[in-house]
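Chemist: Handing you this structure, nothing more for now.
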Amino acid sequence: MKKTFLLALIGVTLYHIGFTQTAVKDVPKGWHMLDQQKDGYYGIDVEKAYNELLKGRKSVPVIVAVIDSGIDTTHEDLKPVLWHNPGEIPGNGIDDDNNGYIDDIYGWNFLGGKDGKNVNKDSYEAARVYYKLKKKFGDAVPDEATATPEELDEIRMYKKVKDLIEGDAKEASLNVMFLKNIVEKMPWADSILQSSLKMSEYSGDDLQKFKPASADESKAKSTIMALFLGFQANEMTNKRLLEMTGEFYNGEKSKAEAVVKEPKDYRGEIVKDDYDDINDRNYGNNDVMAGTPMHGTHVSGIIAAARNNNIGMNGIADNARIMTVRAVPDGDEHDKDIANAIRYAVDNGAKVINMSFGKSISPQKNWVDDAVKYAGSKGVLLVHAAGNDAKDIDVNDNFPNPIFKNDTSTRAGNWITVGASGDPAAGGIIGSFSNYGKKEVDVFAPGVKIYSTLPGGNQYGNLQGTSMASPVVAGVAALLMSYYPSLTVQQIKAVIEKSAVSPGIKAQKPGTDEEVNMTELSRAGGIVNVYEAVKLADSISGEKKVLPQQQLPKSKMKKGKKG
């Protein structure tokens with residue numbers, strides 16, 4: 001979920017067979033903020049909205065919680081917009097505001113221990129559930145016909161995870177074989193390039209300009225450049241690139257081994273809560289960076305990096321405060337941590353919660369459902385990434401989701417699921433990796449080659465995925481709530497979806513060669529647009545009438561083809 005690894009693998013393959021130069025052009029930094037009519041890129045018209053519709057207007061601050069891997073709280077473009085708990089005195093070791101969390105200055109880390117240790121790596125959910133149920137049922141899946149009502153859910157879950165484990169292991173084994181040689185060569189190649197470039201840290205742009213003078217230098221450049229191109233992250237440093245590739249490789253190895261090897265209990269060894277008790281909530285620590293803040297830092301910048309300060313880049317919302325809630329490891333998140341992260345965010349004043357994570361199994365979905373309902377009762381909007389598997393989530397599970405387990409006829413009205421759009425200059429109007437769904441994806445937003453903040457205090461670069469599309473919508477929601485505080489959470493959701501703009505061109509359905517209208521890929525049938533959303537919010541501001549989901553019309557707004 002965190003990274004577009006499918007594209008990485010494709011990119012590496014293409015490079016090594018000699019097709020480095022693609023037919024597509026490229027997009028500029030910050031293209032996702034632009035106006036297609038004026039700038040020629042299918043962005044979301046942010047500056048046009050500020051300059052023409054919002055200039056001189058008053059706004060109120062809105063807290064946006066980012067449930068993620070952590071955030072670099074030292075970053076130059078994020079420090080001015082970070083939420084600070086007003087009821088807490090930093091560093092005194094006392095729970096001053098009596099919310100159950102000591103020294104939660106920037107937020108809370110639900111993946112930490114009281115001793116200061118943190119969970120970074122974790123297993124994936126299907127493996128955890130598989131081995132738990134295997135101990136109960138053995139190798140053979142019990143017959144549903146003879147099961148008690150209490151056993152039926154577990155038997156069906158066991159069947160599902162067994163199939164997932166076996167299928168994922170085959171795919172992961174292929175990925176491991178494919179990458180093994182590259183991963184083994186990476187240190188050698190990087191060492192040669194550091195010496196030849198006379199730089200301990202270099203970017204893909206630096207490497208692209210480098211002209212090898214020997215066979216070894218050519219091989220080294222080929223190896224590392226393939227990864228830069230595969231991840232489409234030329235601004236990234238070699239250090240982070242190698243870390244990212246290693247993380248993926250080790251994760252795939254774990255999946256490949258899951259059929260025969262029970263995963264380690266990474267979380268239990270460190271957090272030491274009573275996992276089976278959802279009411280045991282006051283665990284964790286206040287280390288919201290925890291050594292793994294890349295993903296969350298990038299997400300946060302998209303939402304609300306300080307605007308117009310002549311540093312780095314501009315976020316979407318100009319009066320938002322980012323609350324850090326760490327609950328997503330390098331691996332699959334745990335339902336208990338997500339449920340408690342949502343409740344923490346709501347109880348501490350968040351009005352928007354961004355959730356750029358997901359998985360295909362949710363064993364304690366009822367815990368998350370209850371937290372979603374709680375957020376809804378407090379008028380809090382949840383924005384969730386659709387996932388990066390190029391699948392139709394109308395028929396493939398992607399958790400968390402707005403469908404309640406114990407009441408499938410009811411949906412959360414405070415939830416938006418976001419797919420990733422792109423631009424023809426970056427390969428297509430829809431991200432080739434993005435999940436989609438005529439019923440389950442609400443709207444699309446830019447998620448290809450998104451330039452934002454990275455850890456390191458003053459670092460920036462491109463990442464992509466629905467993980468980047470979700471904070472685009474979260475930023476738009478925060479902007480609307482800030483300038484139109486009288487609108488309900490249901491109205492904000494309806495405004496975002498109803499004002500979505502059809503690109504006026506067909507999209508390639510991810511994972512296929514089929515060209516379709518965007519109405520076949522999402523409910524709104526378009527791409528989120530700030531300018532149109534502000535105009536629509538203006539027209540209904542002050543009204544309290546809720547727009548029912550089933551009456552939400554498809555987007556009729558269109559833009560011409562890029563000239």
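Naming works like this for the structure tokens: A, B, ... for the chains as they're shown, residue 1 at the start of each chain, ligands 1 onward in shown order.
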Could you write out, as a PyMOL selection string, all the residues of region 287-514 of chain A that DSSP marks as helix (DSSP H, G or I)?
Modeler: chain A and resi 294-304+335-347+365-377+424-426+466-483+489-498
Chemist: Between A:Met33, A:Asp332, A:Gly349, A:Gly246, which has the minimum distance to Pro86 (chain A) (counting only C-alpha atoms)?
Modeler: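 Under the stated criterion, the closest residue is A:Gly349.
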Chemist: Given the choices A:Val176, A:Lys198, A:Pro80, A:Ser218, which gets closest to Phe248 (chain A) if the distance is worked out from only C-alpha atoms?
Modeler: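 Result for the nearest residue to Phe248 (chain A): A:Val176.
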Chemist: Quick one: contact table of region 226-338 of chain A to region 468-479 of chain A, 6 Å max, nearest atom pair and distance in Å to one decimal per residue, counting only C-alpha atoms, chain and number order, as a tab-separated table?
Modeler:
```
residue	atom	partner	partner_atom	distance
A:Val299	CA	A:Pro471	CA	5.9
A:Ile303	CA	A:Gly475	CA	4.3
A:Ile316	CA	A:Gly475	CA	5.3
A:Ala317	CA	A:Leu479	CA	4.7
```
Chemist: Generate a file of the selected residues that holds all heavy atoms, formatted as a short mmCIF file (atom, residue, chain, number, x, y, z; two decimals), in the first residue's frame.
Modeler:
```cif
data_model
loop_
_atom_site.label_atom_id
_atom_site.label_comp_id
_atom_site.auth_asym_id
_atom_site.auth_seq_id
_atom_site.Cartn_x
_atom_site.Cartn_y
_atom_site.Cartn_z
N VAL A 299 2.83 12.54 2.95
CA VAL A 299 1.38 12.72 3.02
C VAL A 299 1.02 14.07 3.65
O VAL A 299 0.17 14.81 3.15
CB VAL A 299 0.74 11.56 3.80
CG1 VAL A 299 -0.66 11.89 4.25
CG2 VAL A 299 0.75 10.28 2.96
N ILE A 303 -1.10 17.68 2.20
CA ILE A 303 -2.28 18.27 2.85
C ILE A 303 -2.07 19.73 3.18
O ILE A 303 -2.90 20.59 2.83
CB ILE A 303 -2.64 17.49 4.13
CG1 ILE A 303 -3.01 16.05 3.81
CG2 ILE A 303 -3.78 18.19 4.89
CD1 ILE A 303 -3.12 15.15 5.03
N ILE A 316 -2.17 22.07 0.23
CA ILE A 316 -3.47 22.47 -0.31
C ILE A 316 -4.22 23.37 0.66
O ILE A 316 -4.70 24.45 0.27
CB ILE A 316 -4.31 21.21 -0.64
CG1 ILE A 316 -3.65 20.44 -1.78
CG2 ILE A 316 -5.75 21.60 -0.99
CD1 ILE A 316 -4.21 19.06 -2.00
N ALA A 317 -4.31 22.98 1.92
CA ALA A 317 -5.07 23.76 2.91
C ALA A 317 -4.17 24.80 3.55
O ALA A 317 -3.04 24.51 3.95
CB ALA A 317 -5.64 22.83 3.98
#
```
Chemist: Would you kindly return, as a PDB file with N, CA and C atoms, in the first residue's frame, each protein, DNA or RNA residue with an atom no farther than 8 Å from any atom of Ala507 (chain A), considering only C-alpha atoms and excluding same-chain residues fewer than 6 positions away?
Modeler:
```pdb
ATOM      1  N   GLY A 428      -0.825   8.551 -18.217  1.00  0.00           N
ATOM      2  CA  GLY A 428      -2.258   8.310 -18.354  1.00  0.00           C
ATOM      3  C   GLY A 428      -3.070   9.079 -17.348  1.00  0.00           C
ATOM      4  N   ILE A 429      -4.353   9.232 -17.613  1.00  0.00           N
ATOM      5  CA  ILE A 429      -5.229  10.031 -16.754  1.00  0.00           C
ATOM      6  C   ILE A 429      -5.559   9.301 -15.448  1.00  0.00           C
ATOM      7  N   ILE A 430      -5.337   7.985 -15.426  1.00  0.00           N
ATOM      8  CA  ILE A 430      -5.502   7.191 -14.204  1.00  0.00           C
ATOM      9  C   ILE A 430      -4.175   6.490 -13.913  1.00  0.00           C
ATOM     10  N   GLU A 515     -10.303   0.827 -22.547  1.00  0.00           N
ATOM     11  CA  GLU A 515     -10.515   2.259 -22.396  1.00  0.00           C
ATOM     12  C   GLU A 515     -11.955   2.498 -21.966  1.00  0.00           C
ATOM     13  N   VAL A 516     -12.130   3.207 -20.856  1.00  0.00           N
ATOM     14  CA  VAL A 516     -13.481   3.409 -20.302  1.00  0.00           C
ATOM     15  C   VAL A 516     -13.653   4.860 -19.857  1.00  0.00           C
ATOM     16  N   ASN A 517     -14.915   5.244 -19.671  1.00  0.00           N
ATOM     17  CA  ASN A 517     -15.205   6.531 -19.048  1.00  0.00           C
ATOM     18  C   ASN A 517     -14.950   6.425 -17.557  1.00  0.00           C
ATOM     19  N   MET A 518     -14.625   7.544 -16.925  1.00  0.00           N
ATOM     20  CA  MET A 518     -14.345   7.512 -15.489  1.00  0.00           C
ATOM     21  C   MET A 518     -15.568   7.171 -14.660  1.00  0.00           C
TER      22      MET A 518
END
```
Chemist: From the set A:Met177, A:Leu454, A:Ala306, A:Met289, which residue has the shortest atom-to-atom contact distance to Thr237 (chain A), counting only C-alpha atoms?
Modeler: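 Smallest separation from Thr237 (chain A) among the options: A:Leu454.
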Chemist: Can you pull out the residues contacting region 353-364 of chain A? Cut-off 7 Å, using only C-alpha atoms, and skip same-chain residues under 4 positions away; I want them as JSON, numbers by chain.
Modeler: {"A": [1, 2, 64, 65, 66, 67, 68, 125, 126, 332, 335, 381, 382, 383, 384, 385, 387, 397, 398, 399, 400, 467, 470, 471, 474]}
Chemist: For CA of Ser502 (chain A) and CA of Ala304 (chain A), determine how far apart the two atoms are, in Å to one decimal place.
Modeler: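 If I compute the distance from CA of Ser502 (chain A) to CA of Ala304 (chain A), I get 25.3 Å.
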Chemist: Just to confirm, what's the straight-line distance from CA of Ser482 (chain A) to CA of Asn462 (chain A) in Å (one decimal)?
Modeler: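 These atoms are spaced 27.3 Å apart.
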